[in-house]
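Heads up: the structure comes next, in structure tokens.
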Amino acid sequence: MRAPRKRPLVTAVFLAATFSSVLASGTAATDGEPSTTVLPPVVFPTFKELHSKLFGIDVDDSNNDTHVVASFSNPYDIRPNFNNYPHSNLLPAMIASIFDIVAPIGGPRFIVEVGSLHGHSAIQMATVLDYIGLEGVPILCIDPFTGDTNMWAAWQTDAAVGKWVKLRDGRMTVFDQFMANVQFAMTRTLTPHHVLPFQATSTVGARWLKQMGYTPDLIFLDSAHEEGETFLEISMYFDLLLPGGILFGDDYGWPAVKHDVNKFVEQHNARHMVDNPIDFQITRAKEGVSNMLWIMRKAIQWKGQTER
Ligand SMILES: C[S@@+](CC[C@H](N)C(=O)[O-])C[C@H]1O[C@@H](n2cnc3c(N)ncnc32)[C@H](O)[C@@H]1O
């Protein structure tokens, strides 16, 4: 039997409670003064809508063949694997506390993960969603699933990398491992309307989301980790983010990540310090590890943003 479902407010990292009514009304107040600034339209797709738009298939819950993950054919017979590195740095308590930040604006309602690898963090987030009774919240996993620079450079020379990087037919089996893991999780406890792969680069994914007009309220950016590329990704995904939403990532200790995260916050806040600065936090991913998460909360409304 499943654990009882409830919506715990684990921690309140940011003071966001006053923002929900602002979002709902579509106008904002600054220092008590009403503002006429128009908020962008808020659009949260359902899992089924994303599935139809991306794959041209309408999910019929009584037919697994209509669900891309449930019907994954697993051509290389990849076994689900949750033990090998790379494991997720996101523990349930941390995920729950990040969900709590967007709870006052009704979130999370649409989660995007950029860089998903084998799906460990996506499955962790989906499991927490199930636990708190949010079975309808989609997690769109944007990743070309083709292996990053380090995987290609080191899989033959570094045993620690070679242990979890596999090739078949001249390509990495990242997508296959992702699908095998999510499919397996769904045969156990995971409900089916969460994790959806989008096999595309971060920039293609961001542009597609923009064209669709979707406004994710939670984005986990864990992709390139390369200087310049990370800055571009942060810029594109921060733009998509719902006001009041969270953009976060791990590996803040990586020089390239730290450089680009700091640069983005500094540049943004230099322009918007008075009206709507980014609320920026760095926190340890979990007890006893050096890995640091960076967390940006977009202001509920910023004056420069009047249209999409
Ligand atoms: C650190 S892993 C992600 C781990 C995953 N978030 C987790 O916690 O389980 C980085 C991933 O980023 C992906 N990646 C690299 N460059 C990318 C790009 N330009 N766009 C999207 N994903 C990218 C890689 O394919 C890889 O799967």
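Chain identifiers are assigned as A, B, and so on, following the order in which chains appear in the structure tokens; residues are numbered from 1 within each chain, and ligands are numbered from 1 in order of appearance.
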
Write out as a Markdown table a residue-level contact list of chain A versus ligand 1 with cut-off 7 Å: for each qualifying residue the closest pair of atoms and the distance in Å to one decimal, counting only C-alpha atoms and all ligand atoms, rows sorted by chain and residue number upward.
```
| residue | atom | partner | partner_atom_place_in_ligand_line | distance |
| --- | --- | --- | --- | --- |
| A:Pro86 | CA | ligand 1 | 9 (O) | 6.8 |
| A:His87 | CA | ligand 1 | 9 (O) | 6.0 |
| A:Ser88 | CA | ligand 1 | 8 (O) | 4.3 |
| A:Asn89 | CA | ligand 1 | 8 (O) | 6.1 |
| A:Leu90 | CA | ligand 1 | 8 (O) | 6.9 |
| A:Glu113 | CA | ligand 1 | 6 (N) | 6.9 |
| A:Val114 | CA | ligand 1 | 21 (C) | 5.5 |
| A:Gly115 | CA | ligand 1 | 12 (O) | 3.5 |
| A:Ser116 | CA | ligand 1 | 5 (C) | 4.0 |
| A:Leu117 | CA | ligand 1 | 27 (O) | 3.2 |
| A:His118 | CA | ligand 1 | 9 (O) | 5.9 |
| A:Gly119 | CA | ligand 1 | 9 (O) | 5.1 |
| A:His120 | CA | ligand 1 | 9 (O) | 4.1 |
| A:Ser121 | CA | ligand 1 | 9 (O) | 4.2 |
| A:Ala122 | CA | ligand 1 | 9 (O) | 6.7 |
| A:Ile142 | CA | ligand 1 | 21 (C) | 5.9 |
| A:Asp143 | CA | ligand 1 | 22 (N) | 3.9 |
| A:Pro144 | CA | ligand 1 | 22 (N) | 5.7 |
| A:Phe145 | CA | ligand 1 | 25 (O) | 4.5 |
| A:Thr146 | CA | ligand 1 | 25 (O) | 5.3 |
| A:Gly147 | CA | ligand 1 | 25 (O) | 4.4 |
| A:Asp148 | CA | ligand 1 | 15 (C) | 4.8 |
| A:Val174 | CA | ligand 1 | 27 (O) | 7.0 |
| A:Ala200 | CA | ligand 1 | 21 (C) | 6.6 |
| A:Thr201 | CA | ligand 1 | 20 (N) | 3.7 |
| A:Ser202 | CA | ligand 1 | 20 (N) | 3.6 |
| A:Thr203 | CA | ligand 1 | 20 (N) | 6.7 |
| A:Asp222 | CA | ligand 1 | 6 (N) | 5.0 |
| A:Ser223 | CA | ligand 1 | 12 (O) | 3.3 |
| A:Ala224 | CA | ligand 1 | 16 (N) | 3.9 |
```

Query raised in the report: Running DSSP on the backbone, which parts of segment 12-250 of chain A land in alpha helix (DSSP H), as a PyMOL selection string?
Result: chain A and resi 19-25+47-55+92-102+120-131+149-154+159-162+174-188+202-212+229-240

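Distance check against Arg109 of chain A using only C-alpha atoms: of A:Glu229, A:Glu266, A:Asp217, A:Asp275, the minimum falls on A:Asp217.
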
**Report entry** Residues near segment 134-139 of chain A, cut-off 6 Å, only C-alpha atoms, skip fewer than 4 positions along chain, as a VMD selection string
**Finding:** chain A and resid 47 109 to 112 129 to 130 193 to 195

Report task. Write out as a PyMOL selection string all residues of segment 179-308 of chain A that DSSP puts in strand (DSSP E or B) for this structure's backbone. Result -> chain A and resi 195-198+218-221+246-249+279-284+292-297

Give me, as CSV, the closest atom pair and its distance (Å, one decimal) for every residue of segment 31-148 of chain A within a cut-off of 7 Å of segment 183-188 of chain A, counting only C-alpha atoms, rows sorted by chain and rising number.
```
residue,atom,partner,partner_atom,distance
A:Val69,CA,A:Gln183,CA,5.7
A:Ala70,CA,A:Gln183,CA,5.6
A:Pro80,CA,A:Phe184,CA,6.5
```

Sorted by chain and rising residue number, list the residues of segment 156-275 of chain A at most 8 Å from segment 97-107 of chain A (counting only C-alpha atoms), each with its closest atom pair and distance in Å to one decimal, as a Markdown table.
```
| residue | atom | partner | partner_atom | distance |
| --- | --- | --- | --- | --- |
| A:Asp217 | CA | A:Gly107 | CA | 6.6 |
| A:Leu218 | CA | A:Val102 | CA | 7.7 |
| A:Gly244 | CA | A:Ile105 | CA | 7.0 |
| A:Gly245 | CA | A:Val102 | CA | 6.1 |
| A:Ile246 | CA | A:Val102 | CA | 7.2 |
```

Once you have the residues from the selection above, write them out as a PDB file, in the first residue's frame, restricted to C-alpha atoms.
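Final output, saved to result_22.pdb:
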```
ATOM      1  CA  ASP A 217       7.089  27.048 -12.867  1.00  0.00           C
ATOM      2  CA  LEU A 218      10.023  24.795 -11.979  1.00  0.00           C
ATOM      3  CA  GLY A 244       7.511  33.458  -9.046  1.00  0.00           C
ATOM      4  CA  GLY A 245       8.960  30.200 -10.398  1.00  0.00           C
ATOM      5  CA  ILE A 246      12.272  28.519  -9.687  1.00  0.00           C
TER       6      ILE A 246
END
```

**Report entry** Residue with smallest distance to Leu247 of chain A - pool A:Gln211, A:Asn291, A:Asn74, A:Ser235, counting only C-alpha atoms
**Finding:** A:Ser235

Query raised in the report: Neighbours of Lys210 of chain A within 10 Å (only C-alpha atoms; same-chain residues fewer than 2 positions away dropped), as number ranges by chain?
Result: A: 204-208, 212-215, 236-237, 239-240, 308

Give me the residues within 12 Å of Ser71 of chain A as a tab-separated table (two decimals) with N, CA and C atoms, in the first residue's frame, counting only C-alpha atoms and dropping any in the same chain fewer than 4 places off.
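Generated output (selection01.tsv):
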```tsv
chain	number	residue	atom	x	y	z
A	59	VAL	N	-2.65	9.86	-25.68
A	59	VAL	CA	-2.52	8.78	-24.68
A	59	VAL	C	-3.90	8.29	-24.28
A	63	ASN	N	-4.56	1.80	-22.72
A	63	ASN	CA	-3.76	1.15	-23.76
A	63	ASN	C	-2.30	1.62	-23.66
A	64	ASN	N	-1.45	0.79	-23.10
A	64	ASN	CA	-0.03	1.15	-22.94
A	64	ASN	C	0.68	1.45	-24.24
A	65	ASP	N	0.16	0.90	-25.33
A	65	ASP	CA	0.81	1.14	-26.63
A	65	ASP	C	0.77	2.61	-27.03
A	66	THR	N	-0.09	3.38	-26.40
A	66	THR	CA	-0.21	4.79	-26.77
A	66	THR	C	0.69	5.69	-25.92
A	67	HIS	N	1.45	5.10	-25.00
A	67	HIS	CA	2.30	5.87	-24.07
A	67	HIS	C	3.75	5.59	-24.44
A	75	PRO	N	15.21	-1.95	-27.51
A	75	PRO	CA	15.83	-2.80	-28.53
A	75	PRO	C	17.13	-3.47	-28.10
A	179	MET	N	14.88	5.44	-20.76
A	179	MET	CA	13.56	4.86	-20.99
A	179	MET	C	13.36	3.59	-20.17
A	180	ALA	N	14.40	2.75	-20.11
A	180	ALA	CA	14.29	1.51	-19.33
A	180	ALA	C	14.05	1.83	-17.86
A	182	VAL	N	12.71	4.66	-16.51
A	182	VAL	CA	11.39	5.26	-16.25
A	182	VAL	C	10.29	4.20	-16.43
A	183	GLN	N	10.44	3.40	-17.46
A	183	GLN	CA	9.45	2.34	-17.70
A	183	GLN	C	9.38	1.39	-16.50
A	184	PHE	N	10.55	1.01	-16.00
A	184	PHE	CA	10.58	0.13	-14.83
A	184	PHE	C	9.90	0.79	-13.63
A	186	MET	N	7.62	2.90	-13.63
A	186	MET	CA	6.16	2.93	-13.84
A	186	MET	C	5.52	1.56	-13.63
A	187	THR	N	6.30	0.50	-13.78
A	187	THR	CA	5.72	-0.82	-13.49
A	187	THR	C	5.70	-1.07	-11.98
A	192	PRO	N	1.68	7.28	-14.27
A	192	PRO	CA	2.14	7.40	-15.66
A	192	PRO	C	2.13	8.80	-16.28
```

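Put simply, atom CA of Pro277 of chain A is 21.2 Å away from atom CA of Asp250 of chain A.
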